[in-house]
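Heads up, input_33.txt below (compact mmCIF, N, CA and C atoms):
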# COMPACT_ATOMS: atom_id res chain seq x y z
N MET A 1 2.81 21.10 -245.97
CA MET A 1 3.96 21.79 -245.41
C MET A 1 3.51 23.12 -244.81
N ARG A 2 3.95 23.39 -243.60
CA ARG A 2 3.58 24.62 -242.90
C ARG A 2 4.33 25.82 -243.49
N PRO A 3 3.62 26.91 -243.80
CA PRO A 3 4.31 28.08 -244.37
C PRO A 3 5.20 28.76 -243.34
N CYS A 4 6.25 29.38 -243.83
CA CYS A 4 7.10 30.18 -242.95
C CYS A 4 6.44 31.56 -242.85
N TRP A 5 5.79 31.81 -241.74
CA TRP A 5 5.01 33.03 -241.57
C TRP A 5 5.86 34.29 -241.70
N ASP A 6 7.08 34.26 -241.17
CA ASP A 6 7.93 35.45 -241.27
C ASP A 6 8.18 35.82 -242.74
N GLU A 7 8.49 34.85 -243.56
CA GLU A 7 8.72 35.12 -244.98
C GLU A 7 7.44 35.61 -245.67
N TYR A 8 6.34 35.00 -245.32
CA TYR A 8 5.05 35.38 -245.89
C TYR A 8 4.72 36.85 -245.57
N PHE A 9 4.82 37.22 -244.29
CA PHE A 9 4.48 38.60 -243.91
C PHE A 9 5.51 39.59 -244.44
N MET A 10 6.77 39.18 -244.56
CA MET A 10 7.78 40.10 -245.11
C MET A 10 7.50 40.39 -246.58
N LYS A 11 7.02 39.40 -247.32
CA LYS A 11 6.64 39.64 -248.72
C LYS A 11 5.52 40.68 -248.80
N ILE A 12 4.61 40.62 -247.85
CA ILE A 12 3.52 41.60 -247.84
C ILE A 12 4.06 43.00 -247.53
N THR A 13 5.04 43.10 -246.63
CA THR A 13 5.61 44.44 -246.34
C THR A 13 6.22 45.04 -247.60
N GLU A 14 6.83 44.20 -248.42
CA GLU A 14 7.44 44.70 -249.65
C GLU A 14 6.37 45.22 -250.62
N LEU A 15 5.22 44.54 -250.67
CA LEU A 15 4.11 45.03 -251.49
C LEU A 15 3.58 46.36 -250.95
N VAL A 16 3.44 46.44 -249.63
CA VAL A 16 2.95 47.67 -249.00
C VAL A 16 3.93 48.82 -249.27
N ALA A 17 5.22 48.53 -249.24
CA ALA A 17 6.24 49.56 -249.50
C ALA A 17 6.09 50.17 -250.89
N GLY A 18 5.50 49.42 -251.80
CA GLY A 18 5.25 49.92 -253.15
C GLY A 18 4.31 51.12 -253.19
N ARG A 19 3.57 51.35 -252.12
CA ARG A 19 2.66 52.51 -252.04
C ARG A 19 3.37 53.77 -251.57
N SER A 20 4.61 53.61 -251.11
CA SER A 20 5.38 54.74 -250.57
C SER A 20 5.55 55.84 -251.61
N THR A 21 5.52 57.08 -251.13
CA THR A 21 5.74 58.23 -252.01
C THR A 21 7.04 58.95 -251.68
N CYS A 22 7.88 58.31 -250.87
CA CYS A 22 9.17 58.88 -250.50
C CYS A 22 10.14 58.73 -251.67
N LEU A 23 10.93 59.76 -251.92
CA LEU A 23 11.90 59.71 -253.00
C LEU A 23 13.21 59.05 -252.60
N ARG A 24 13.43 58.90 -251.29
CA ARG A 24 14.69 58.34 -250.80
C ARG A 24 14.63 56.85 -250.49
N ARG A 25 13.56 56.41 -249.84
CA ARG A 25 13.48 55.03 -249.36
C ARG A 25 12.01 54.63 -249.29
N ASN A 26 11.70 53.49 -249.89
CA ASN A 26 10.34 52.96 -249.83
C ASN A 26 10.27 51.91 -248.73
N THR A 27 9.50 52.24 -247.70
CA THR A 27 9.40 51.36 -246.53
C THR A 27 7.96 50.92 -246.34
N GLY A 28 7.81 49.65 -245.99
CA GLY A 28 6.49 49.09 -245.70
C GLY A 28 6.50 48.38 -244.37
N VAL A 29 5.34 48.39 -243.71
CA VAL A 29 5.16 47.75 -242.40
C VAL A 29 3.86 46.96 -242.41
N VAL A 30 3.90 45.81 -241.76
CA VAL A 30 2.70 45.02 -241.50
C VAL A 30 2.74 44.68 -240.02
N ILE A 31 1.68 45.01 -239.29
CA ILE A 31 1.59 44.67 -237.88
C ILE A 31 0.66 43.46 -237.76
N VAL A 32 1.18 42.41 -237.11
CA VAL A 32 0.52 41.11 -237.07
C VAL A 32 0.36 40.61 -235.64
N LYS A 33 -0.76 39.98 -235.38
CA LYS A 33 -0.99 39.33 -234.09
C LYS A 33 -1.77 38.05 -234.35
N ASN A 34 -1.31 36.94 -233.79
CA ASN A 34 -1.96 35.64 -233.98
C ASN A 34 -2.15 35.31 -235.46
N LYS A 35 -1.12 35.60 -236.25
CA LYS A 35 -1.09 35.32 -237.69
C LYS A 35 -2.14 36.10 -238.48
N ARG A 36 -2.64 37.19 -237.91
CA ARG A 36 -3.61 38.04 -238.59
C ARG A 36 -3.02 39.44 -238.77
N ILE A 37 -3.18 39.98 -239.95
CA ILE A 37 -2.71 41.34 -240.22
C ILE A 37 -3.68 42.32 -239.55
N LEU A 38 -3.13 43.17 -238.69
CA LEU A 38 -3.94 44.17 -237.99
C LEU A 38 -3.94 45.49 -238.75
N THR A 39 -2.75 45.96 -239.14
CA THR A 39 -2.64 47.21 -239.89
C THR A 39 -1.41 47.15 -240.79
N THR A 40 -1.38 48.07 -241.73
CA THR A 40 -0.22 48.24 -242.60
C THR A 40 0.15 49.71 -242.62
N GLY A 41 1.33 50.00 -243.10
CA GLY A 41 1.76 51.39 -243.23
C GLY A 41 2.89 51.50 -244.23
N TYR A 42 2.99 52.65 -244.84
CA TYR A 42 4.10 52.96 -245.74
C TYR A 42 4.46 54.41 -245.52
N ASN A 43 5.66 54.81 -245.93
CA ASN A 43 6.09 56.18 -245.67
C ASN A 43 5.57 57.13 -246.75
N GLY A 44 5.06 58.26 -246.26
CA GLY A 44 4.51 59.27 -247.15
C GLY A 44 3.93 60.43 -246.37
N ALA A 45 3.53 61.46 -247.09
CA ALA A 45 3.01 62.69 -246.49
C ALA A 45 1.67 62.44 -245.78
N PRO A 46 1.35 63.29 -244.79
CA PRO A 46 0.05 63.16 -244.11
C PRO A 46 -1.11 63.30 -245.10
N GLU A 47 -2.21 62.71 -244.72
CA GLU A 47 -3.42 62.71 -245.55
C GLU A 47 -3.78 64.14 -245.97
N GLY A 48 -4.03 64.31 -247.27
CA GLY A 48 -4.46 65.60 -247.80
C GLY A 48 -3.33 66.53 -248.17
N LEU A 49 -2.09 66.18 -247.84
CA LEU A 49 -0.94 67.03 -248.20
C LEU A 49 -0.27 66.48 -249.46
N LYS A 50 0.43 67.36 -250.16
CA LYS A 50 1.16 66.93 -251.35
C LYS A 50 2.32 66.04 -250.93
N HIS A 51 2.58 65.06 -251.76
CA HIS A 51 3.65 64.10 -251.49
C HIS A 51 4.97 64.60 -252.07
N CYS A 52 6.04 64.03 -251.59
CA CYS A 52 7.38 64.41 -252.05
C CYS A 52 7.52 64.21 -253.56
N GLU A 53 6.82 63.22 -254.10
CA GLU A 53 6.83 63.00 -255.54
C GLU A 53 6.37 64.25 -256.29
N GLU A 54 5.51 65.05 -255.64
CA GLU A 54 4.96 66.25 -256.28
C GLU A 54 5.79 67.50 -255.99
N VAL A 55 6.32 67.60 -254.76
CA VAL A 55 6.99 68.85 -254.35
C VAL A 55 8.49 68.70 -254.15
N GLY A 56 9.01 67.52 -254.29
CA GLY A 56 10.44 67.30 -254.09
C GLY A 56 10.76 66.94 -252.64
N CYS A 57 11.99 66.54 -252.42
CA CYS A 57 12.43 66.09 -251.10
C CYS A 57 13.18 67.20 -250.37
N LEU A 58 12.61 67.66 -249.27
CA LEU A 58 13.24 68.69 -248.45
C LEU A 58 14.59 68.22 -247.91
N ARG A 59 14.67 66.95 -247.53
CA ARG A 59 15.91 66.41 -246.97
C ARG A 59 17.03 66.42 -248.02
N ASP A 60 16.70 66.11 -249.26
CA ASP A 60 17.70 66.18 -250.33
C ASP A 60 18.13 67.62 -250.56
N LYS A 61 17.15 68.53 -250.57
CA LYS A 61 17.46 69.94 -250.79
C LYS A 61 18.39 70.49 -249.71
N LEU A 62 18.22 70.02 -248.46
CA LEU A 62 19.04 70.46 -247.34
C LEU A 62 20.28 69.59 -247.13
N ASN A 63 20.44 68.57 -247.98
CA ASN A 63 21.60 67.67 -247.92
C ASN A 63 21.72 66.97 -246.56
N ILE A 64 20.61 66.46 -246.05
CA ILE A 64 20.58 65.78 -244.75
C ILE A 64 20.83 64.29 -244.96
N PRO A 65 21.82 63.74 -244.27
CA PRO A 65 22.11 62.30 -244.42
C PRO A 65 20.97 61.43 -243.87
N SER A 66 20.89 60.22 -244.41
CA SER A 66 19.92 59.25 -243.93
C SER A 66 20.15 58.95 -242.45
N GLY A 67 19.06 58.81 -241.69
CA GLY A 67 19.16 58.49 -240.27
C GLY A 67 19.31 59.69 -239.37
N GLU A 68 19.31 60.90 -239.93
CA GLU A 68 19.48 62.12 -239.12
C GLU A 68 18.33 63.09 -239.38
N ARG A 69 18.05 63.91 -238.36
CA ARG A 69 17.07 65.01 -238.46
C ARG A 69 15.73 64.59 -239.07
N HIS A 70 15.14 63.56 -238.48
CA HIS A 70 13.87 63.02 -239.00
C HIS A 70 12.75 64.05 -239.04
N GLU A 71 12.84 65.05 -238.18
CA GLU A 71 11.77 66.05 -238.12
C GLU A 71 11.73 66.93 -239.37
N LEU A 72 12.80 66.93 -240.15
CA LEU A 72 12.85 67.74 -241.36
C LEU A 72 12.44 66.91 -242.58
N CYS A 73 11.21 66.45 -242.53
CA CYS A 73 10.65 65.64 -243.62
C CYS A 73 9.14 65.82 -243.59
N ARG A 74 8.54 65.97 -244.74
CA ARG A 74 7.09 66.15 -244.76
C ARG A 74 6.36 64.81 -244.59
N GLY A 75 7.08 63.72 -244.77
CA GLY A 75 6.46 62.40 -244.67
C GLY A 75 6.52 61.80 -243.28
N LEU A 76 5.60 60.89 -243.04
CA LEU A 76 5.61 60.07 -241.83
C LEU A 76 6.28 58.75 -242.20
N HIS A 77 6.90 58.13 -241.21
CA HIS A 77 7.49 56.82 -241.44
C HIS A 77 6.39 55.77 -241.48
N ALA A 78 6.69 54.66 -242.12
CA ALA A 78 5.72 53.58 -242.28
C ALA A 78 5.20 53.08 -240.93
N GLU A 79 6.10 52.96 -239.95
CA GLU A 79 5.70 52.51 -238.62
C GLU A 79 4.71 53.48 -237.99
N GLN A 80 4.97 54.77 -238.15
CA GLN A 80 4.07 55.79 -237.60
C GLN A 80 2.69 55.68 -238.24
N ASN A 81 2.66 55.51 -239.56
CA ASN A 81 1.37 55.39 -240.25
C ASN A 81 0.62 54.13 -239.83
N ALA A 82 1.33 53.03 -239.59
CA ALA A 82 0.66 51.79 -239.15
C ALA A 82 0.09 51.95 -237.74
N ILE A 83 0.83 52.60 -236.86
CA ILE A 83 0.35 52.85 -235.49
C ILE A 83 -0.87 53.79 -235.52
N ILE A 84 -0.78 54.83 -236.34
CA ILE A 84 -1.89 55.78 -236.45
C ILE A 84 -3.14 55.09 -237.01
N GLN A 85 -2.94 54.24 -238.01
CA GLN A 85 -4.08 53.50 -238.57
C GLN A 85 -4.75 52.64 -237.49
N ALA A 86 -3.93 51.97 -236.67
CA ALA A 86 -4.49 51.16 -235.59
C ALA A 86 -5.29 52.03 -234.63
N ALA A 87 -4.75 53.20 -234.27
CA ALA A 87 -5.44 54.10 -233.34
C ALA A 87 -6.76 54.60 -233.93
N LYS A 88 -6.74 54.99 -235.21
CA LYS A 88 -7.96 55.50 -235.85
C LYS A 88 -9.05 54.45 -235.94
N LEU A 89 -8.63 53.19 -236.12
CA LEU A 89 -9.60 52.12 -236.28
C LEU A 89 -9.92 51.38 -234.99
N GLY A 90 -9.27 51.78 -233.89
CA GLY A 90 -9.53 51.14 -232.60
C GLY A 90 -8.99 49.73 -232.51
N ILE A 91 -7.83 49.50 -233.12
CA ILE A 91 -7.22 48.16 -233.14
C ILE A 91 -6.06 48.14 -232.14
N CYS A 92 -6.11 47.18 -231.22
CA CYS A 92 -5.05 47.04 -230.23
C CYS A 92 -3.86 46.30 -230.84
N ILE A 93 -2.69 46.91 -230.78
CA ILE A 93 -1.49 46.27 -231.31
C ILE A 93 -0.55 45.82 -230.19
N ASP A 94 -1.02 45.84 -228.96
CA ASP A 94 -0.25 45.36 -227.82
C ASP A 94 0.13 43.89 -228.04
N SER A 95 1.39 43.56 -227.80
CA SER A 95 1.93 42.20 -227.96
C SER A 95 2.04 41.74 -229.41
N ALA A 96 1.93 42.64 -230.36
CA ALA A 96 1.99 42.29 -231.77
C ALA A 96 3.44 42.16 -232.25
N THR A 97 3.56 41.60 -233.45
CA THR A 97 4.84 41.54 -234.17
C THR A 97 4.77 42.54 -235.31
N VAL A 98 5.87 43.27 -235.50
CA VAL A 98 5.96 44.22 -236.60
C VAL A 98 6.94 43.67 -237.64
N TYR A 99 6.47 43.57 -238.87
CA TYR A 99 7.31 43.21 -240.00
C TYR A 99 7.57 44.50 -240.76
N VAL A 100 8.84 44.79 -241.01
CA VAL A 100 9.19 46.06 -241.63
C VAL A 100 10.36 45.86 -242.59
N THR A 101 10.32 46.57 -243.70
CA THR A 101 11.37 46.41 -244.70
C THR A 101 12.72 46.91 -244.20
N ASN A 102 12.72 47.96 -243.37
CA ASN A 102 13.96 48.52 -242.83
C ASN A 102 13.84 48.61 -241.31
N HIS A 103 14.95 48.38 -240.62
CA HIS A 103 14.96 48.49 -239.16
C HIS A 103 14.40 49.86 -238.77
N PRO A 104 13.53 49.93 -237.77
CA PRO A 104 12.95 51.22 -237.36
C PRO A 104 14.00 52.22 -236.85
N CYS A 105 13.71 53.49 -237.06
CA CYS A 105 14.55 54.56 -236.53
C CYS A 105 14.26 54.73 -235.03
N PHE A 106 15.01 55.60 -234.38
CA PHE A 106 14.87 55.83 -232.95
C PHE A 106 13.47 56.34 -232.58
N ILE A 107 12.94 57.28 -233.37
CA ILE A 107 11.61 57.84 -233.09
C ILE A 107 10.55 56.75 -233.20
N CYS A 108 10.59 55.96 -234.25
CA CYS A 108 9.62 54.88 -234.42
C CYS A 108 9.81 53.80 -233.37
N ALA A 109 11.06 53.54 -232.99
CA ALA A 109 11.33 52.54 -231.94
C ALA A 109 10.63 52.94 -230.64
N LYS A 110 10.73 54.20 -230.26
CA LYS A 110 10.06 54.66 -229.03
C LYS A 110 8.56 54.48 -229.12
N MET A 111 7.99 54.77 -230.28
CA MET A 111 6.55 54.62 -230.45
C MET A 111 6.14 53.15 -230.39
N LEU A 112 6.90 52.28 -231.03
CA LEU A 112 6.59 50.85 -231.02
C LEU A 112 6.70 50.26 -229.61
N ILE A 113 7.69 50.72 -228.86
CA ILE A 113 7.84 50.27 -227.48
C ILE A 113 6.60 50.65 -226.67
N ASN A 114 6.19 51.91 -226.77
CA ASN A 114 5.02 52.36 -226.00
C ASN A 114 3.71 51.75 -226.49
N ALA A 115 3.67 51.31 -227.75
CA ALA A 115 2.47 50.65 -228.27
C ALA A 115 2.37 49.21 -227.79
N GLY A 116 3.44 48.70 -227.18
CA GLY A 116 3.41 47.35 -226.62
C GLY A 116 3.85 46.25 -227.57
N VAL A 117 4.44 46.63 -228.69
CA VAL A 117 4.93 45.64 -229.65
C VAL A 117 6.01 44.79 -228.98
N LYS A 118 6.00 43.49 -229.25
CA LYS A 118 6.93 42.57 -228.59
C LYS A 118 8.03 42.05 -229.50
N ARG A 119 7.84 42.17 -230.82
CA ARG A 119 8.83 41.59 -231.74
C ARG A 119 8.88 42.42 -233.01
N ILE A 120 10.11 42.62 -233.52
CA ILE A 120 10.34 43.34 -234.76
C ILE A 120 11.11 42.41 -235.70
N VAL A 121 10.57 42.19 -236.89
CA VAL A 121 11.27 41.42 -237.91
C VAL A 121 11.53 42.39 -239.06
N TYR A 122 12.80 42.54 -239.44
CA TYR A 122 13.15 43.50 -240.47
C TYR A 122 14.05 42.87 -241.52
N LYS A 123 14.10 43.49 -242.70
CA LYS A 123 14.89 42.94 -243.80
C LYS A 123 16.21 43.68 -243.97
N LYS A 124 16.18 45.00 -243.92
CA LYS A 124 17.39 45.80 -244.17
C LYS A 124 17.71 46.65 -242.95
N ASP A 125 19.00 46.92 -242.78
CA ASP A 125 19.43 47.78 -241.69
C ASP A 125 19.10 49.24 -241.99
N TYR A 126 19.22 50.06 -240.95
CA TYR A 126 19.00 51.50 -241.05
C TYR A 126 20.07 52.16 -240.19
N PRO A 127 20.65 53.26 -240.64
CA PRO A 127 21.77 53.86 -239.89
C PRO A 127 21.34 54.60 -238.61
N ASP A 128 20.88 53.85 -237.62
CA ASP A 128 20.43 54.44 -236.36
C ASP A 128 20.67 53.44 -235.24
N GLU A 129 21.86 53.44 -234.69
CA GLU A 129 22.25 52.47 -233.66
C GLU A 129 21.48 52.66 -232.35
N LEU A 130 21.03 53.88 -232.08
CA LEU A 130 20.30 54.15 -230.85
C LEU A 130 18.99 53.35 -230.78
N SER A 131 18.34 53.18 -231.91
CA SER A 131 17.08 52.41 -231.91
C SER A 131 17.35 50.95 -231.52
N LYS A 132 18.42 50.38 -232.01
CA LYS A 132 18.75 49.00 -231.64
C LYS A 132 19.03 48.89 -230.14
N LYS A 133 19.68 49.90 -229.61
CA LYS A 133 20.01 49.92 -228.18
C LYS A 133 18.75 49.96 -227.31
N ILE A 134 17.78 50.80 -227.67
CA ILE A 134 16.58 50.89 -226.81
C ILE A 134 15.67 49.68 -226.97
N PHE A 135 15.65 49.07 -228.16
CA PHE A 135 14.89 47.82 -228.29
C PHE A 135 15.46 46.77 -227.35
N LYS A 136 16.78 46.69 -227.29
CA LYS A 136 17.42 45.73 -226.40
C LYS A 136 17.08 46.04 -224.94
N GLU A 137 17.16 47.31 -224.57
CA GLU A 137 16.85 47.73 -223.20
C GLU A 137 15.39 47.41 -222.85
N ALA A 138 14.50 47.57 -223.81
CA ALA A 138 13.07 47.31 -223.59
C ALA A 138 12.73 45.82 -223.72
N ARG A 139 13.72 45.01 -224.01
CA ARG A 139 13.56 43.57 -224.17
C ARG A 139 12.59 43.20 -225.29
N ILE A 140 12.68 43.97 -226.37
CA ILE A 140 11.89 43.66 -227.55
C ILE A 140 12.78 42.85 -228.50
N VAL A 141 12.26 41.74 -228.94
CA VAL A 141 13.01 40.86 -229.83
C VAL A 141 13.10 41.51 -231.20
N THR A 142 14.31 41.61 -231.74
CA THR A 142 14.51 42.10 -233.11
C THR A 142 15.24 41.02 -233.88
N GLU A 143 14.74 40.73 -235.08
CA GLU A 143 15.31 39.68 -235.91
C GLU A 143 15.46 40.18 -237.34
N LYS A 144 16.68 40.05 -237.87
CA LYS A 144 16.91 40.40 -239.27
C LYS A 144 16.70 39.15 -240.12
N MET A 145 15.93 39.31 -241.18
CA MET A 145 15.70 38.18 -242.10
C MET A 145 16.81 38.14 -243.12
Encoding of this model in structure tokens:
Amino acid sequence: MRPCWDEYFMKITELVAGRSTCLRRNTGVVIVKNKRILTTGYNGAPEGLKHCEEVGCLRDKLNIPSGERHELCRGLHAEQNAIIQAAKLGICIDSATVYVTNHPCFICAKMLINAGVKRIVYKKDYPDELSKKIFKEARIVTEKM
């Protein structure tokens, strides 16, 4: 019996999300091309900086709702970390599929569009309707599992 690749890769995103150091939401990403994992990412502070687990959540302290003011966070989103990992390692993610635990935000959507990603498979929604709108405009396939 042929495995359902979407389910298989989504299970891996959930494992990757377990590495997250965010106090609000644990997100994992797996970028795949030709059934091969190219990179992974989870949300957390930049390399060498203290994580929110250690210093607390600035967004909670400022009472910022989910989906707003992304710049007021010490952490990077999982999608950003996966794209950065690909860039650091010289891995082309053009035409890849992104498996992600939560629908990407607007900032990550713009980055994924410019990286050439062609398909997004996500498990949970995220309160950012603008990202869904630009994926549609860019003709990127988005599928909720």
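Nearest residue to Glu54 in chain A among A:Arg36, A:Lys118, A:Arg74, A:Lys123 is A:Arg74, counting only C-alpha atoms.
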Which one is closest to Ile31 in chain A: A:Phe106, A:Tyr126, A:Phe9, A:Phe135? Count only C-alpha atoms. A:Phe9
If we count only C-alpha atoms and set the cut-off at 6 Å, which residues sit around Ser20 in chain A, ignoring sequence neighbours fewer than 4 positions away in its own chain? Please answer as a list in words. Asn26, Tyr42, Asn43 and Gly44 of chain A
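Going from CA of Ile113 in chain A to CA of Gly75 in chain A covers 21.1 Å.
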Within 10 Å of Asn34 in chain A, counting only C-alpha atoms, which residues qualify if same-chain residues fewer than 2 places away don't, as a VMD selection string? chain A and resid 32 36 to 38 95 to 97
Work out how far apart CA of Ile83 in chain A and CA of Gly41 in chain A are and give it in Å to one decimal. 8.0 Å
Assign secondary structure with DSSP using the backbone only, and return the residues of chain A in strand (DSSP E or B) as an MDAnalysis selection string. chainID A and resid 28:33 36:42 44 76 97:102 119:124 141:144
So, with only C-alpha atoms as the atoms that count, which of A:Ala115, A:Ile84, A:Ile91, A:Leu130 lies closest to His103 in chain A? A:Leu130
Skip Glu68 in chain A itself and residues of its chain fewer than 5 positions away, then list as an mmCIF file with N, CA and C atoms, keeping the file's coordinate frame all residues within 10 Å of it, counting only C-alpha atoms.
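Just written: part_19.cif:
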data_model
loop_
_atom_site.group_PDB
_atom_site.id
_atom_site.type_symbol
_atom_site.label_atom_id
_atom_site.label_comp_id
_atom_site.auth_asym_id
_atom_site.auth_seq_id
_atom_site.Cartn_x
_atom_site.Cartn_y
_atom_site.Cartn_z
ATOM 1 N N ARG A 59 14.670 66.950 -247.530
ATOM 2 C CA ARG A 59 15.910 66.410 -246.970
ATOM 3 C C ARG A 59 17.030 66.420 -248.020
ATOM 4 N N CYS A 105 13.710 53.490 -237.060
ATOM 5 C CA CYS A 105 14.550 54.560 -236.530
ATOM 6 C C CYS A 105 14.260 54.730 -235.030
ATOM 7 N N PHE A 106 15.010 55.600 -234.380
ATOM 8 C CA PHE A 106 14.870 55.830 -232.950
ATOM 9 C C PHE A 106 13.470 56.340 -232.580
ATOM 10 N N PRO A 127 20.650 53.260 -240.640
ATOM 11 C CA PRO A 127 21.770 53.860 -239.890
ATOM 12 C C PRO A 127 21.340 54.600 -238.610
ATOM 13 N N ASP A 128 20.880 53.850 -237.620
ATOM 14 C CA ASP A 128 20.430 54.440 -236.360
ATOM 15 C C ASP A 128 20.670 53.440 -235.240
#
Would you give me, as a count of residues only, the residues in range 27-145 of chain A that DSSP reads as alpha helix (DSSP H)? 39
Would you list the contacts of Glu143 in chain A as a PyMOL selection string, taking every protein, DNA or RNA residue within 5 Å and counting only N, CA and C atoms, but skipping same-chain residues closer than 6 positions in sequence? chain A and resi 120-122
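Here atom N of Gly67 in chain A stands at a distance of 26.2 Å from atom C of Ala86 in chain A.
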With 8 Å added on each side, what axis-aligned box encloses every listed atom of range 74-83 of chain A? Give the centre and edge lengths in Å to one decimal, as JSON.
{"center_x": 3.8, "center_y": 59.0, "center_z": -240.1, "size_x": 25.4, "size_y": 30.4, "size_z": 25.3}
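Minimum atom-to-atom distances from A:Thr39, A:Glu7, A:His51, A:Ile134 to Thr21 in chain A were compared using only N, CA and C atoms, and the lowest value belongs to A:His51.
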Near Glu14 in chain A, within 10 Å and counting only C-alpha atoms, which residues show up once chain neighbours fewer than 2 positions away are dropped, as number ranges by chain? A: 9-12, 16-19, 26-30, 42, 99-101, 123
Mind completing range 2-13 of chain A with N, CA, C and O atoms? Output as a PDB file, in the coordinates of the input, please?
ATOM      1  N   ARG A   2       3.950  23.390-243.600  1.00  0.00           N
ATOM      2  CA  ARG A   2       3.580  24.620-242.900  1.00  0.00           C
ATOM      3  C   ARG A   2       4.330  25.820-243.490  1.00  0.00           C
ATOM      4  O   ARG A   2       5.528  25.768-243.676  1.00  0.00           O
ATOM      5  N   PRO A   3       3.620  26.910-243.800  1.00  0.00           N
ATOM      6  CA  PRO A   3       4.310  28.080-244.370  1.00  0.00           C
ATOM      7  C   PRO A   3       5.200  28.760-243.340  1.00  0.00           C
ATOM      8  O   PRO A   3       4.938  28.701-242.139  1.00  0.00           O
ATOM      9  N   CYS A   4       6.250  29.380-243.830  1.00  0.00           N
ATOM     10  CA  CYS A   4       7.100  30.180-242.950  1.00  0.00           C
ATOM     11  C   CYS A   4       6.440  31.560-242.850  1.00  0.00           C
ATOM     12  O   CYS A   4       6.506  32.360-243.778  1.00  0.00           O
ATOM     13  N   TRP A   5       5.790  31.810-241.740  1.00  0.00           N
ATOM     14  CA  TRP A   5       5.010  33.030-241.570  1.00  0.00           C
ATOM     15  C   TRP A   5       5.860  34.290-241.700  1.00  0.00           C
ATOM     16  O   TRP A   5       5.415  35.284-242.262  1.00  0.00           O
ATOM     17  N   ASP A   6       7.080  34.260-241.170  1.00  0.00           N
ATOM     18  CA  ASP A   6       7.930  35.450-241.270  1.00  0.00           C
ATOM     19  C   ASP A   6       8.180  35.820-242.740  1.00  0.00           C
ATOM     20  O   ASP A   6       8.070  36.989-243.114  1.00  0.00           O
ATOM     21  N   GLU A   7       8.490  34.850-243.560  1.00  0.00           N
ATOM     22  CA  GLU A   7       8.720  35.120-244.980  1.00  0.00           C
ATOM     23  C   GLU A   7       7.440  35.610-245.670  1.00  0.00           C
ATOM     24  O   GLU A   7       7.483  36.530-246.482  1.00  0.00           O
ATOM     25  N   TYR A   8       6.340  35.000-245.320  1.00  0.00           N
ATOM     26  CA  TYR A   8       5.050  35.380-245.890  1.00  0.00           C
ATOM     27  C   TYR A   8       4.720  36.850-245.570  1.00  0.00           C
ATOM     28  O   TYR A   8       4.404  37.634-246.469  1.00  0.00           O
ATOM     29  N   PHE A   9       4.820  37.220-244.290  1.00  0.00           N
ATOM     30  CA  PHE A   9       4.480  38.600-243.910  1.00  0.00           C
ATOM     31  C   PHE A   9       5.510  39.590-244.440  1.00  0.00           C
ATOM     32  O   PHE A   9       5.164  40.731-244.768  1.00  0.00           O
ATOM     33  N   MET A  10       6.770  39.180-244.560  1.00  0.00           N
ATOM     34  CA  MET A  10       7.780  40.100-245.110  1.00  0.00           C
ATOM     35  C   MET A  10       7.500  40.390-246.580  1.00  0.00           C
ATOM     36  O   MET A  10       7.693  41.512-247.040  1.00  0.00           O
ATOM     37  N   LYS A  11       7.020  39.400-247.320  1.00  0.00           N
ATOM     38  CA  LYS A  11       6.640  39.640-248.720  1.00  0.00           C
ATOM     39  C   LYS A  11       5.520  40.680-248.800  1.00  0.00           C
ATOM     40  O   LYS A  11       5.500  41.534-249.690  1.00  0.00           O
ATOM     41  N   ILE A  12       4.610  40.620-247.850  1.00  0.00           N
ATOM     42  CA  ILE A  12       3.520  41.600-247.840  1.00  0.00           C
ATOM     43  C   ILE A  12       4.060  43.000-247.530  1.00  0.00           C
ATOM     44  O   ILE A  12       3.607  43.971-248.135  1.00  0.00           O
ATOM     45  N   THR A  13       5.040  43.100-246.630  1.00  0.00           N
ATOM     46  CA  THR A  13       5.610  44.440-246.340  1.00  0.00           C
ATOM     47  C   THR A  13       6.220  45.040-247.600  1.00  0.00           C
ATOM     48  O   THR A  13       6.147  46.246-247.812  1.00  0.00           O
TER      49      THR A  13
END
